[in-house]
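Read through the structure below, which is laid out as structure tokens, and then see the notes.
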Amino acid sequence: MSSREIVLGRIRRALADVPAGDHAYADAVTRDYLREHGTRTREETAALLAENLSEYRAVVHRTDADGLPALLARLLTERGATSVLVPPGLPADWLGASEVTRVHDRAASSAYELEKADSVVTGCAVAIAETGTLVLDGSPDQGRRRITLMPDHHICVVHVPDQLVSSLPQALERLDPARPLTWISGPSATSDIELDRVEGVHGPRALEVVLLGGR
Amino acid sequence: MSGTFLGMPAFPKAAREAVGDERLRANLRHATHTIRDKRARAVGELEDWEALREAGKQIKDHTLRHLDRYLVQLEEAVTAAGGIVHWACDAAEANRIVADLVKATGETEVVKVKSMATQEIGLNEALEAEGIRAYETDLAELIVQLADDRPSHILVPAIHRNRGEIRDIFHDTMKNWGRPAPEGLTDEPAELAEAARLHLREKFLRAKVAISGANFMVAESGTLVVVESEGNGRMCLTLPETLISVVGVEKVVPTWRDLEVFLQTLPRSSTAERMNPYTSTWTGTIDGDGPTAFHLVLLDNGRTDTLADEVGRQALRCIRCSACLNVCPVYERAGGHAYGSVYPGPIGAILSPQLRGTTSEIDASLPYASSLCGACYDVCPVAIDIPEVLVHLRERVAQGGPAVTRGEKVVLRPARGHAAERAAMRAARWVLGSPGVLRTGQRFAARTRRLHPRTLPGPGRAWSASRDLPSMPAEPFRDWWQRTNGGKGEAQ
């Protein structure tokens with residue numbers, strides 16, 4: 001007998017007390033928890049996202065489409081970045097005002113090469129206001145998971161209000177589990193040493209978020 | 001479970017030693033109180049916390065009651081997404097599967113995401129025996145591994161170490177494992193984290209094989225979820241070519257939507273954050289992004305035996321948040337090592353004796369490693385009634401009875417050392433059922449109170465070895481009641 005059959009057999013014997021007509025999944029769970037916490041206008045939702053991101057030590061900026069290239073150029077310069085990783089579908093004009101070298105993530109690129117980039121600029125799939133979370137789903141404007149991991153500085157651009165939701169349940173509805181998802185709430189952090197929170201262990205130590213169109 | 005912790009003294013002895021260690025108690029007290037207060041604030045933000053808690057409980061209970069169905073569905077979905085599913089009855093089989101998978105890649109080292117399941121089965125030691133070196137990449141696990149130590153907390157395995165100790169561990173041992181600690185390393189947490197970053201980065205960049213666990217598995221989509229803070233998880237899950245995830249069968253949930261409950265309750269319960277910095281989800285292999293080979297090892301190792309116990313099976317709801325450790329007065333004083341298992345604290349006291357059986361001395365002592373105050377139940381985000389299971393397991397230890405071990409029905413004998421307790425209980429029944437005997441006994445006890453020893457002689461010594469004897473009042477309550485007319489006489 002295979003281990004699969006042994007384990008499944010043990011489970012079935014262990015559940016001998018469960019009646020055959022035990023209720024279906026649809027009836028098994030009372031979902032009287034909230035779909036979102038509180039009522040907010042769109043502007044208040046954006047403000048909450050900014051507040052929660054800042055509390056986790058991400059730096060939040062706001063601009064419109066016209067102001068974006070100049071803002072990104074300024075942020076990269078302030079950081080002293082000389083190279084920036086660029087996902088394949090990043091809108092061409094976003095980095096139109098930046099002088100830094102653009103590095104593209106190719107199939108043959110090794111992690112060693114990607115690590116040399118100073119910064120990375122991406123879009124976003126969904127942002128969650130209540131938790132201060134950005135979700136990337138590997139779409140062309142976000143690229144592979146590794147590009148937002150290797151550089152020490154990540155700038156993420158969020159379209160407001162299109163990509164903004166209030167709560168985690170609302171975000172899950174919009175996301176496709178078949179895609180690889182990375183949920184990001186603030187920069188990399190650890191609390192393993194006397195529970196003192198320290199930013200930046202293995203992921204980017206600096207996270208900057210641009211709320212686009214929410215001005 | 002792994003032999004790592006076997007051979008440990010039973011809880012009362014280990015705890016007695018730990019309680020005498022003042023530095024350990026100070027580290028633990030600071031840590032548990034800090035996180036306890038923060039957690040209460042994070043949970044207080046959600047006005048629907050009790051509804052989320054109830055939903056989490058119901059989802060887990062429903063899944064457990066139909067576990068066979070959901071595991072088969074999960075297997076189909078993972079396979080359809082390009083993953084390969086393996087089943088392991090016990091630790092030895094899981095370790096064998098993982099070692100063979102690593103060997104098939106030709107690699108001799110792997111990077112690891114913090115995982116309770118792989119600690120439980122002693123995977124690192126099993127791989128070492130096969131000539132494969134496993135590098136822990138979570139900062140706290142790294143500290144534990146470098147110090148050749150044992151984890152003492154589910155979430156913060158090095159909670160028993162303070163910054164000075166960590167600095168010394170890094171300074172002394174990093175060089176034996178790879179990149180040495182930087183010159184002049186101080187005990188500043190930021191510097192220590194930087195040292196770990198540099199030390200581990202060379203391992204991430206060259207690793208071809210990674211091993212992880214998972215916080216959740218979604219049956220309908222075949223999606224696995226890892227929740228973390230540092231980014232070491234993301235490194236392991238995306239950079240290597242082969243990813244092997246070892247996950248307990250109880251980690252499955254039916255639907256994608258179910259994550260809306262647990263991704264709200266887990267971070268707030270464990271790290272007291274609205275959301276942890278990183279959550280990664282993946283479904284099989286993804287073209288052009290991340291590992292090209294994905295193996296899922298579904299682990300039983302005592303879980304189905306636990307499932308067979310109608311009272312004890314609720315322990316399988318556990319999402320490993322560790323909130324119960326941080327509120328437990330016993331854990332706070334005794335520390336995690338005293339529990340003799342990778343699962344310390346209240347959840348460990350009910351999980352370990354169920355996964356491993358109650359035949360060893362340490363496992364038979366764990367159901368007693370509690371004051372039954374109920375704080376663990378109050379904070380549990382999936383409402384595991386830990387005190388109920390503790391009492392149930394105490395009964396099993398003291399009286400024996402039917403149980404399931406490795407899938408077979410057995411009848412357990414009472415554990416050794418409980419004869420005195422049973423005799424005392426029988427005596428108590430006689431005394432409490434005979435008012436005259438009780439009255440006489442109480443008066444006698446009150447009058448001889450100055451002569452009472454601090455510990456009990458004979459077989460009672462086992463009881464008083466881990467407890468202080470209560471002091472006897474000068475007068476029995478009944479006598480006081482009669483003398484003062486229920487307190488009225490005394491008030492004047």
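Chains: A, B, ... in order of the structure tokens. Residues: from 1 per chain. Ligands: from 1, in order shown.
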
Please identify all residues of chain A having at least one atom at most 7 Å from any atom of chain B, considering only C-alpha atoms, and return them as a PyMOL selection string.
chain A and resi 3-4+7-8+10-12+14-15+18+28-34+111-112+131+144-146+168-169+172+177-190+192-195+198+201-203

Write out as a PyMOL selection string which residues come within 9 Å of Gly89 (chain A) when counting only C-alpha atoms, dropping same-chain ones fewer than 5 positions away.
chain A and resi 139-143

Can you write just those residues out, all heavy atoms, as a CSV table (one decimal), in the first residue's frame?
chain,number,residue,atom,x,y,z
A,139,SER,N,2.4,40.9,-13.3
A,139,SER,CA,2.0,41.5,-14.6
A,139,SER,C,3.2,42.2,-15.2
A,139,SER,O,4.2,42.5,-14.5
A,139,SER,CB,0.9,42.5,-14.3
A,139,SER,OG,-0.3,41.8,-13.9
A,140,PRO,N,3.1,42.5,-16.5
A,140,PRO,CA,4.3,43.1,-17.2
A,140,PRO,C,4.8,44.4,-16.5
A,140,PRO,O,6.1,44.6,-16.6
A,140,PRO,CB,3.8,43.4,-18.6
A,140,PRO,CG,2.7,42.4,-18.8
A,140,PRO,CD,2.1,42.2,-17.4
A,141,ASP,N,4.0,45.2,-15.9
A,141,ASP,CA,4.5,46.4,-15.2
A,141,ASP,C,5.1,46.1,-13.9
A,141,ASP,O,5.6,47.0,-13.2
A,141,ASP,CB,3.4,47.5,-15.1
A,141,ASP,CG,2.3,47.0,-14.2
A,141,ASP,OD1,2.1,45.8,-14.1
A,141,ASP,OD2,1.6,47.9,-13.7
A,142,GLN,N,5.1,44.9,-13.4
A,142,GLN,CA,5.7,44.5,-12.1
A,142,GLN,C,6.8,43.5,-12.2
A,142,GLN,O,7.7,43.5,-11.3
A,142,GLN,CB,4.6,43.9,-11.2
A,142,GLN,CG,3.4,44.9,-10.9
A,142,GLN,CD,2.1,44.2,-10.8
A,142,GLN,OE1,2.0,43.3,-10.1
A,142,GLN,NE2,1.1,44.7,-11.5
A,143,GLY,N,6.8,42.8,-13.3
A,143,GLY,CA,7.9,41.9,-13.5
A,143,GLY,C,8.0,40.7,-12.6
A,143,GLY,O,7.1,40.4,-11.8

As a ChimeraX atom specification, list the residues of region 33-97 of chain B assigned to alpha helix (DSSP H) by DSSP on the backbone atoms of this structure.
/B:33-44,49-65,67-80,91-97

Output N, CA and C atoms for every residue in that selection, as a short mmCIF file (atom, residue, chain, number, x, y, z; two decimals), in the first residue's frame.
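The file below, result.cif, is the result:
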data_model
loop_
_atom_site.label_atom_id
_atom_site.label_comp_id
_atom_site.auth_asym_id
_atom_site.auth_seq_id
_atom_site.Cartn_x
_atom_site.Cartn_y
_atom_site.Cartn_z
N HIS B 33 5.92 40.18 27.38
CA HIS B 33 5.08 41.31 27.75
C HIS B 33 4.99 42.33 26.62
N THR B 34 6.11 42.55 25.93
CA THR B 34 6.10 43.50 24.81
C THR B 34 5.08 43.06 23.77
N ILE B 35 5.18 41.82 23.35
CA ILE B 35 4.35 41.36 22.24
C ILE B 35 2.90 41.17 22.68
N ARG B 36 2.71 40.85 23.93
CA ARG B 36 1.37 40.67 24.46
C ARG B 36 0.58 41.98 24.38
N ASP B 37 1.22 43.06 24.80
CA ASP B 37 0.54 44.35 24.79
C ASP B 37 0.27 44.82 23.37
N LYS B 38 1.27 44.62 22.49
CA LYS B 38 1.09 45.04 21.10
C LYS B 38 -0.03 44.26 20.43
N ARG B 39 -0.07 42.98 20.72
CA ARG B 39 -1.09 42.15 20.10
C ARG B 39 -2.49 42.61 20.50
N ALA B 40 -2.65 42.93 21.76
CA ALA B 40 -3.97 43.36 22.22
C ALA B 40 -4.41 44.60 21.46
N ARG B 41 -3.47 45.52 21.17
CA ARG B 41 -3.82 46.72 20.40
C ARG B 41 -4.19 46.37 18.96
N ALA B 42 -3.39 45.48 18.33
CA ALA B 42 -3.63 45.12 16.93
C ALA B 42 -4.98 44.42 16.78
N VAL B 43 -5.31 43.58 17.73
CA VAL B 43 -6.58 42.86 17.67
C VAL B 43 -7.74 43.81 17.96
N GLY B 44 -7.50 44.76 18.87
CA GLY B 44 -8.54 45.70 19.24
C GLY B 44 -8.99 46.59 18.09
N TRP B 49 -13.45 41.08 15.37
CA TRP B 49 -12.46 40.04 15.71
C TRP B 49 -13.14 38.73 16.09
N GLU B 50 -14.16 38.79 16.94
CA GLU B 50 -14.79 37.54 17.39
C GLU B 50 -15.44 36.81 16.22
N ALA B 51 -15.99 37.56 15.25
CA ALA B 51 -16.59 36.91 14.08
C ALA B 51 -15.51 36.26 13.21
N LEU B 52 -14.36 36.92 13.09
CA LEU B 52 -13.25 36.34 12.32
C LEU B 52 -12.74 35.08 13.01
N ARG B 53 -12.67 35.15 14.33
CA ARG B 53 -12.18 34.02 15.11
C ARG B 53 -13.12 32.82 14.93
N GLU B 54 -14.41 33.09 14.99
CA GLU B 54 -15.39 32.02 14.83
C GLU B 54 -15.33 31.44 13.41
N ALA B 55 -15.18 32.31 12.42
CA ALA B 55 -15.10 31.83 11.04
C ALA B 55 -13.85 30.98 10.84
N GLY B 56 -12.73 31.42 11.42
CA GLY B 56 -11.49 30.65 11.31
C GLY B 56 -11.65 29.27 11.92
N LYS B 57 -12.28 29.23 13.07
CA LYS B 57 -12.54 27.96 13.74
C LYS B 57 -13.41 27.07 12.86
N GLN B 58 -14.45 27.64 12.30
CA GLN B 58 -15.39 26.83 11.50
C GLN B 58 -14.73 26.32 10.21
N ILE B 59 -13.94 27.17 9.58
CA ILE B 59 -13.26 26.73 8.35
C ILE B 59 -12.35 25.56 8.65
N LYS B 60 -11.56 25.70 9.72
CA LYS B 60 -10.62 24.64 10.07
C LYS B 60 -11.37 23.36 10.48
N ASP B 61 -12.41 23.50 11.26
CA ASP B 61 -13.16 22.32 11.69
C ASP B 61 -13.79 21.60 10.50
N HIS B 62 -14.37 22.39 9.62
CA HIS B 62 -14.99 21.79 8.43
C HIS B 62 -13.94 21.04 7.60
N THR B 63 -12.78 21.69 7.41
CA THR B 63 -11.73 21.06 6.61
C THR B 63 -11.27 19.76 7.26
N LEU B 64 -11.08 19.79 8.58
CA LEU B 64 -10.62 18.59 9.28
C LEU B 64 -11.65 17.47 9.18
N ARG B 65 -12.91 17.82 9.21
CA ARG B 65 -13.96 16.80 9.15
C ARG B 65 -14.08 16.18 7.76
N LEU B 67 -11.10 15.97 5.70
CA LEU B 67 -9.70 16.17 5.33
C LEU B 67 -9.30 15.33 4.13
N ASP B 68 -9.80 14.11 4.04
CA ASP B 68 -9.43 13.26 2.91
C ASP B 68 -9.83 13.91 1.59
N ARG B 69 -11.06 14.42 1.56
CA ARG B 69 -11.55 15.04 0.33
C ARG B 69 -10.70 16.24 -0.08
N TYR B 70 -10.38 17.09 0.89
CA TYR B 70 -9.64 18.31 0.55
C TYR B 70 -8.19 18.02 0.18
N LEU B 71 -7.60 16.99 0.78
CA LEU B 71 -6.22 16.66 0.41
C LEU B 71 -6.16 16.12 -1.02
N VAL B 72 -7.15 15.32 -1.39
CA VAL B 72 -7.18 14.78 -2.76
C VAL B 72 -7.39 15.93 -3.75
N GLN B 73 -8.28 16.86 -3.39
CA GLN B 73 -8.50 18.02 -4.26
C GLN B 73 -7.23 18.86 -4.40
N LEU B 74 -6.55 19.05 -3.28
CA LEU B 74 -5.29 19.80 -3.30
C LEU B 74 -4.26 19.12 -4.19
N GLU B 75 -4.15 17.81 -4.04
CA GLU B 75 -3.18 17.05 -4.83
C GLU B 75 -3.45 17.24 -6.32
N GLU B 76 -4.72 17.17 -6.69
CA GLU B 76 -5.07 17.32 -8.11
C GLU B 76 -4.70 18.72 -8.61
N ALA B 77 -5.01 19.73 -7.79
CA ALA B 77 -4.75 21.11 -8.23
C ALA B 77 -3.25 21.39 -8.32
N VAL B 78 -2.47 20.90 -7.35
CA VAL B 78 -1.02 21.13 -7.39
C VAL B 78 -0.42 20.42 -8.60
N THR B 79 -0.88 19.19 -8.84
CA THR B 79 -0.35 18.43 -9.97
C THR B 79 -0.70 19.13 -11.28
N ALA B 80 -1.94 19.61 -11.39
CA ALA B 80 -2.37 20.28 -12.62
C ALA B 80 -1.54 21.54 -12.87
N ALA B 91 8.08 10.95 10.12
CA ALA B 91 9.26 11.80 9.94
C ALA B 91 10.31 11.12 9.07
N ALA B 92 10.55 9.84 9.33
CA ALA B 92 11.61 9.14 8.60
C ALA B 92 11.31 9.13 7.10
N GLU B 93 10.03 8.91 6.78
CA GLU B 93 9.68 8.85 5.35
C GLU B 93 9.80 10.23 4.70
N ALA B 94 9.36 11.26 5.41
CA ALA B 94 9.47 12.62 4.86
C ALA B 94 10.93 12.98 4.64
N ASN B 95 11.77 12.67 5.61
CA ASN B 95 13.19 12.99 5.47
C ASN B 95 13.82 12.24 4.30
N ARG B 96 13.41 10.98 4.14
CA ARG B 96 13.92 10.16 3.03
C ARG B 96 13.52 10.78 1.69
N ILE B 97 12.25 11.19 1.59
CA ILE B 97 11.76 11.79 0.33
C ILE B 97 12.56 13.05 0.01
#

Env of region 40-49 of chain A: 10 Å cut, atoms = only C-alpha atoms, seq-sep filter 3 positions within chain, self excluded. Answer as a CSV table (one decimal) with all heavy atoms, in the first residue's frame.
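Output saved as part14.csv:
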chain,number,residue,atom,x,y,z
A,36,GLU,N,-15.4,45.3,5.0
A,36,GLU,CA,-14.4,46.4,5.3
A,36,GLU,C,-14.8,47.0,6.6
A,36,GLU,O,-15.9,46.9,7.1
A,36,GLU,CB,-14.4,47.4,4.2
A,36,GLU,CG,-15.7,48.2,4.0
A,36,GLU,CD,-15.5,49.2,2.9
A,36,GLU,OE1,-14.7,50.2,3.0
A,36,GLU,OE2,-16.2,49.0,1.8
A,37,HIS,N,-13.8,47.6,7.2
A,37,HIS,CA,-13.9,48.2,8.5
A,37,HIS,C,-14.1,49.7,8.4
A,37,HIS,O,-13.2,50.4,8.1
A,37,HIS,CB,-12.7,47.9,9.4
A,37,HIS,CG,-12.5,46.4,9.6
A,37,HIS,ND1,-11.8,45.6,8.7
A,37,HIS,CD2,-12.9,45.5,10.6
A,37,HIS,CE1,-11.8,44.3,9.1
A,37,HIS,NE2,-12.5,44.3,10.2
A,52,ASN,N,-1.0,54.1,6.9
A,52,ASN,CA,-0.6,52.7,7.3
A,52,ASN,C,0.8,52.4,6.7
A,52,ASN,O,1.6,51.7,7.4
A,52,ASN,CB,-1.6,51.7,7.0
A,52,ASN,CG,-2.8,51.8,8.0
A,52,ASN,OD1,-2.6,52.3,9.1
A,52,ASN,ND2,-4.0,51.3,7.6
A,53,LEU,N,1.0,52.8,5.5
A,53,LEU,CA,2.3,52.5,4.9
A,53,LEU,C,3.4,53.2,5.6
A,53,LEU,O,4.5,52.7,6.0
A,53,LEU,CB,2.3,52.9,3.4
A,53,LEU,CG,1.7,51.9,2.4
A,53,LEU,CD1,1.4,52.6,1.1
A,53,LEU,CD2,2.6,50.7,2.2
A,54,SER,N,3.1,54.5,6.0
A,54,SER,CA,4.1,55.3,6.7
A,54,SER,C,4.4,54.7,8.1
A,54,SER,O,5.6,54.8,8.5
A,54,SER,CB,3.6,56.8,6.9
A,54,SER,OG,3.3,57.3,5.6
A,55,GLU,N,3.4,54.2,8.7
A,55,GLU,CA,3.6,53.7,10.0
A,55,GLU,C,4.6,52.5,10.0
A,55,GLU,O,5.3,52.2,10.9
A,55,GLU,CB,2.3,53.2,10.6
A,55,GLU,CG,2.4,53.1,12.1
A,55,GLU,CD,1.1,52.7,12.8
A,55,GLU,OE1,0.0,53.3,12.4
A,55,GLU,OE2,1.1,51.7,13.6
A,60,VAL,N,5.8,57.7,1.5
A,60,VAL,CA,4.7,57.8,0.6
A,60,VAL,C,4.8,59.2,-0.1
A,60,VAL,O,5.0,60.2,0.5
A,60,VAL,CB,3.4,57.6,1.3
A,60,VAL,CG1,2.2,57.7,0.3
A,60,VAL,CG2,3.3,56.3,2.0
A,127,ALA,N,-3.7,47.6,-4.0
A,127,ALA,CA,-3.2,48.1,-2.7
A,127,ALA,C,-4.3,48.1,-1.7
A,127,ALA,O,-5.5,48.4,-2.0
A,127,ALA,CB,-2.7,49.6,-2.8
A,128,ILE,N,-4.0,47.7,-0.4
A,128,ILE,CA,-5.0,47.5,0.6
A,128,ILE,C,-4.8,48.6,1.7
A,128,ILE,O,-3.8,48.6,2.4
A,128,ILE,CB,-4.9,46.1,1.3
A,128,ILE,CG1,-4.9,45.0,0.2
A,128,ILE,CG2,-6.0,45.9,2.2
A,128,ILE,CD1,-4.5,43.7,0.7
A,129,ALA,N,-5.8,49.5,1.8
A,129,ALA,CA,-5.7,50.6,2.7
A,129,ALA,C,-5.6,50.2,4.2
A,129,ALA,O,-4.7,50.6,4.9
A,129,ALA,CB,-6.8,51.6,2.5
A,130,GLU,N,-6.5,49.3,4.6
A,130,GLU,CA,-6.6,49.0,6.1
A,130,GLU,C,-5.3,48.3,6.6
A,130,GLU,O,-5.0,48.4,7.8
A,130,GLU,CB,-7.8,48.0,6.3
A,130,GLU,CG,-9.1,48.7,6.2
A,130,GLU,CD,-10.2,47.7,6.5
A,130,GLU,OE1,-10.0,46.6,6.9
A,130,GLU,OE2,-11.4,48.1,6.3
A,131,THR,N,-4.6,47.7,5.8
A,131,THR,CA,-3.4,47.0,6.3
A,131,THR,C,-2.1,47.6,5.8
A,131,THR,O,-1.0,47.3,6.2
A,131,THR,CB,-3.4,45.5,5.9
A,131,THR,OG1,-3.4,45.4,4.4
A,131,THR,CG2,-4.5,44.7,6.5
A,132,GLY,N,-2.2,48.6,4.9
A,132,GLY,CA,-1.0,49.2,4.3
A,132,GLY,C,-0.2,48.2,3.5
A,132,GLY,O,1.0,48.1,3.6
A,133,THR,N,-0.9,47.5,2.6
A,133,THR,CA,-0.3,46.4,1.8
A,133,THR,C,-0.3,46.7,0.3
A,133,THR,O,-1.4,47.1,-0.2
A,133,THR,CB,-1.0,45.1,2.1
A,133,THR,OG1,-0.9,44.9,3.6
A,133,THR,CG2,-0.3,43.9,1.4
A,134,LEU,N,0.8,46.4,-0.4
A,134,LEU,CA,0.8,46.4,-1.8
A,134,LEU,C,0.9,45.0,-2.3
A,134,LEU,O,1.6,44.2,-1.7
A,134,LEU,CB,2.1,47.1,-2.3
A,134,LEU,CG,2.4,48.5,-1.7
A,134,LEU,CD1,3.8,48.9,-2.0
A,134,LEU,CD2,1.4,49.5,-2.1
A,160,VAL,N,-4.4,55.4,-8.1
A,160,VAL,CA,-5.5,55.7,-7.2
A,160,VAL,C,-6.6,56.4,-7.9
A,160,VAL,O,-6.3,57.3,-8.7
A,160,VAL,CB,-5.0,56.6,-6.0
A,160,VAL,CG1,-6.1,56.9,-5.1
A,160,VAL,CG2,-3.9,55.8,-5.2
A,161,PRO,N,-7.8,55.9,-7.9
A,161,PRO,CA,-8.3,54.9,-7.0
A,161,PRO,C,-8.4,53.5,-7.6
A,161,PRO,O,-8.8,52.6,-6.9
A,161,PRO,CB,-9.7,55.4,-6.7
A,161,PRO,CG,-10.2,56.1,-7.9
A,161,PRO,CD,-8.9,56.7,-8.5
A,164,LEU,N,-6.9,50.6,-5.7
A,164,LEU,CA,-7.0,50.8,-4.3
A,164,LEU,C,-8.3,50.1,-3.8
A,164,LEU,O,-9.3,50.3,-4.3
A,164,LEU,CB,-7.0,52.2,-3.9
A,164,LEU,CG,-7.1,52.6,-2.4
A,164,LEU,CD1,-5.9,52.0,-1.7
A,164,LEU,CD2,-7.2,54.1,-2.2
A,165,VAL,N,-8.1,49.2,-2.8
A,165,VAL,CA,-9.3,48.7,-2.1
A,165,VAL,C,-9.1,49.0,-0.6
A,165,VAL,O,-8.0,49.3,-0.1
A,165,VAL,CB,-9.4,47.1,-2.2
A,165,VAL,CG1,-9.7,46.8,-3.7
A,165,VAL,CG2,-8.2,46.4,-1.7
A,166,SER,N,-10.2,48.9,0.2
A,166,SER,CA,-10.2,49.2,1.6
A,166,SER,C,-9.5,48.0,2.4
A,166,SER,O,-8.7,48.2,3.2
A,166,SER,CB,-11.6,49.4,2.1
A,166,SER,OG,-11.9,50.7,2.1
A,167,SER,N,-10.0,46.8,2.0
A,167,SER,CA,-9.7,45.7,3.0
A,167,SER,C,-9.1,44.5,2.3
A,167,SER,O,-9.2,44.3,1.1
A,167,SER,CB,-11.0,45.3,3.7
A,167,SER,OG,-11.9,44.7,2.7
A,211,LEU,N,1.6,57.4,-4.9
A,211,LEU,CA,0.1,57.3,-5.1
A,211,LEU,C,-0.1,58.2,-6.3
A,211,LEU,O,0.0,59.4,-6.2
A,211,LEU,CB,-0.7,57.7,-3.9
A,211,LEU,CG,-0.4,56.9,-2.6
A,211,LEU,CD1,-1.3,57.4,-1.5
A,211,LEU,CD2,-0.5,55.4,-2.9
A,214,GLY,N,-4.1,60.5,-7.2
A,214,GLY,CA,-4.9,60.7,-6.1
A,214,GLY,C,-4.8,62.1,-5.5
A,214,GLY,O,-5.1,62.4,-4.4
A,215,ARG,N,-4.2,63.1,-6.3
A,215,ARG,CA,-4.0,64.4,-5.8
A,215,ARG,C,-5.2,65.2,-5.7
A,215,ARG,O,-6.0,65.2,-6.6
A,215,ARG,CB,-2.9,65.1,-6.6
A,215,ARG,CG,-2.4,66.3,-6.0
A,215,ARG,CD,-0.9,66.5,-6.2
A,215,ARG,NE,-0.4,66.8,-7.5
A,215,ARG,CZ,0.8,67.1,-7.8
A,215,ARG,NH1,1.7,67.2,-6.8
A,215,ARG,NH2,1.2,67.4,-9.0

Using only C-alpha atoms, which residues sit within 7 Å of region 364-370 of chain B once same-chain residues fewer than 2 positions away are excluded, as a PyMOL selection string?
chain B and resi 10-11+330+339+349-350+353+358-362+372+390+393-394+397+415

Would you write out those residues with N, CA, C and O atoms, as an mmCIF file, in the first residue's frame?
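selection10.cif was written with the following content:
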data_model
loop_
_atom_site.group_PDB
_atom_site.id
_atom_site.type_symbol
_atom_site.label_atom_id
_atom_site.label_comp_id
_atom_site.auth_asym_id
_atom_site.auth_seq_id
_atom_site.Cartn_x
_atom_site.Cartn_y
_atom_site.Cartn_z
ATOM 1 N N ALA B 10 11.557 15.364 32.117
ATOM 2 C CA ALA B 10 10.156 15.733 32.104
ATOM 3 C C ALA B 10 10.016 17.205 32.463
ATOM 4 O O ALA B 10 10.925 17.809 33.040
ATOM 5 N N PHE B 11 8.852 17.778 32.114
ATOM 6 C CA PHE B 11 8.660 19.209 32.246
ATOM 7 C C PHE B 11 8.996 19.770 33.634
ATOM 8 O O PHE B 11 9.706 20.770 33.739
ATOM 9 N N VAL B 330 3.001 30.082 32.652
ATOM 10 C CA VAL B 330 3.948 28.975 32.806
ATOM 11 C C VAL B 330 5.088 29.121 31.793
ATOM 12 O O VAL B 330 6.269 29.032 32.133
ATOM 13 N N TYR B 339 9.703 22.454 27.474
ATOM 14 C CA TYR B 339 8.626 21.638 26.909
ATOM 15 C C TYR B 339 9.148 20.456 26.083
ATOM 16 O O TYR B 339 8.377 19.607 25.666
ATOM 17 N N ALA B 349 1.939 21.867 24.723
ATOM 18 C CA ALA B 349 1.524 20.960 25.792
ATOM 19 C C ALA B 349 0.376 20.059 25.354
ATOM 20 O O ALA B 349 0.192 18.981 25.915
ATOM 21 N N ILE B 350 -0.396 20.494 24.340
ATOM 22 C CA ILE B 350 -1.442 19.583 23.848
ATOM 23 C C ILE B 350 -1.071 18.929 22.514
ATOM 24 O O ILE B 350 -1.528 17.839 22.206
ATOM 25 N N PRO B 353 2.090 15.769 22.984
ATOM 26 C CA PRO B 353 1.667 14.453 23.480
ATOM 27 C C PRO B 353 0.697 13.752 22.527
ATOM 28 O O PRO B 353 0.554 12.538 22.585
ATOM 29 N N THR B 358 1.798 9.527 24.541
ATOM 30 C CA THR B 358 2.110 9.938 25.915
ATOM 31 C C THR B 358 3.004 8.930 26.630
ATOM 32 O O THR B 358 3.052 8.877 27.847
ATOM 33 N N THR B 359 3.737 8.131 25.845
ATOM 34 C CA THR B 359 4.504 7.065 26.491
ATOM 35 C C THR B 359 5.804 7.556 27.111
ATOM 36 O O THR B 359 6.272 6.990 28.096
ATOM 37 N N SER B 360 6.415 8.620 26.566
ATOM 38 C CA SER B 360 7.673 9.077 27.162
ATOM 39 C C SER B 360 7.380 9.923 28.393
ATOM 40 O O SER B 360 6.281 10.461 28.556
ATOM 41 N N GLU B 361 8.398 10.070 29.246
ATOM 42 C CA GLU B 361 8.222 10.817 30.480
ATOM 43 C C GLU B 361 7.869 12.272 30.202
ATOM 44 O O GLU B 361 6.973 12.851 30.812
ATOM 45 N N ILE B 362 8.582 12.865 29.215
ATOM 46 C CA ILE B 362 8.324 14.277 28.920
ATOM 47 C C ILE B 362 6.901 14.459 28.368
ATOM 48 O O ILE B 362 6.183 15.380 28.776
ATOM 49 N N LEU B 372 -3.936 25.995 33.851
ATOM 50 C CA LEU B 372 -5.339 25.952 33.402
ATOM 51 C C LEU B 372 -6.034 27.308 33.591
ATOM 52 O O LEU B 372 -7.231 27.364 33.851
ATOM 53 N N LEU B 390 -6.127 19.866 27.603
ATOM 54 C CA LEU B 390 -5.171 19.536 28.666
ATOM 55 C C LEU B 390 -5.799 18.587 29.679
ATOM 56 O O LEU B 390 -5.197 17.580 30.070
ATOM 57 N N LEU B 393 -6.217 15.197 28.209
ATOM 58 C CA LEU B 393 -4.964 14.446 28.118
ATOM 59 C C LEU B 393 -4.466 14.026 29.500
ATOM 60 O O LEU B 393 -3.835 12.978 29.645
ATOM 61 N N ARG B 394 -4.747 14.835 30.520
ATOM 62 C CA ARG B 394 -4.380 14.435 31.878
ATOM 63 C C ARG B 394 -5.096 13.136 32.249
ATOM 64 O O ARG B 394 -4.519 12.233 32.842
ATOM 65 N N VAL B 397 -3.397 10.316 30.571
ATOM 66 C CA VAL B 397 -2.124 9.975 31.196
ATOM 67 C C VAL B 397 -2.370 9.233 32.513
ATOM 68 O O VAL B 397 -1.753 8.201 32.790
ATOM 69 N N ALA B 415 0.027 6.099 32.827
ATOM 70 C CA ALA B 415 1.457 6.383 32.848
ATOM 71 C C ALA B 415 2.011 6.124 34.240
ATOM 72 O O ALA B 415 1.293 6.213 35.236
#
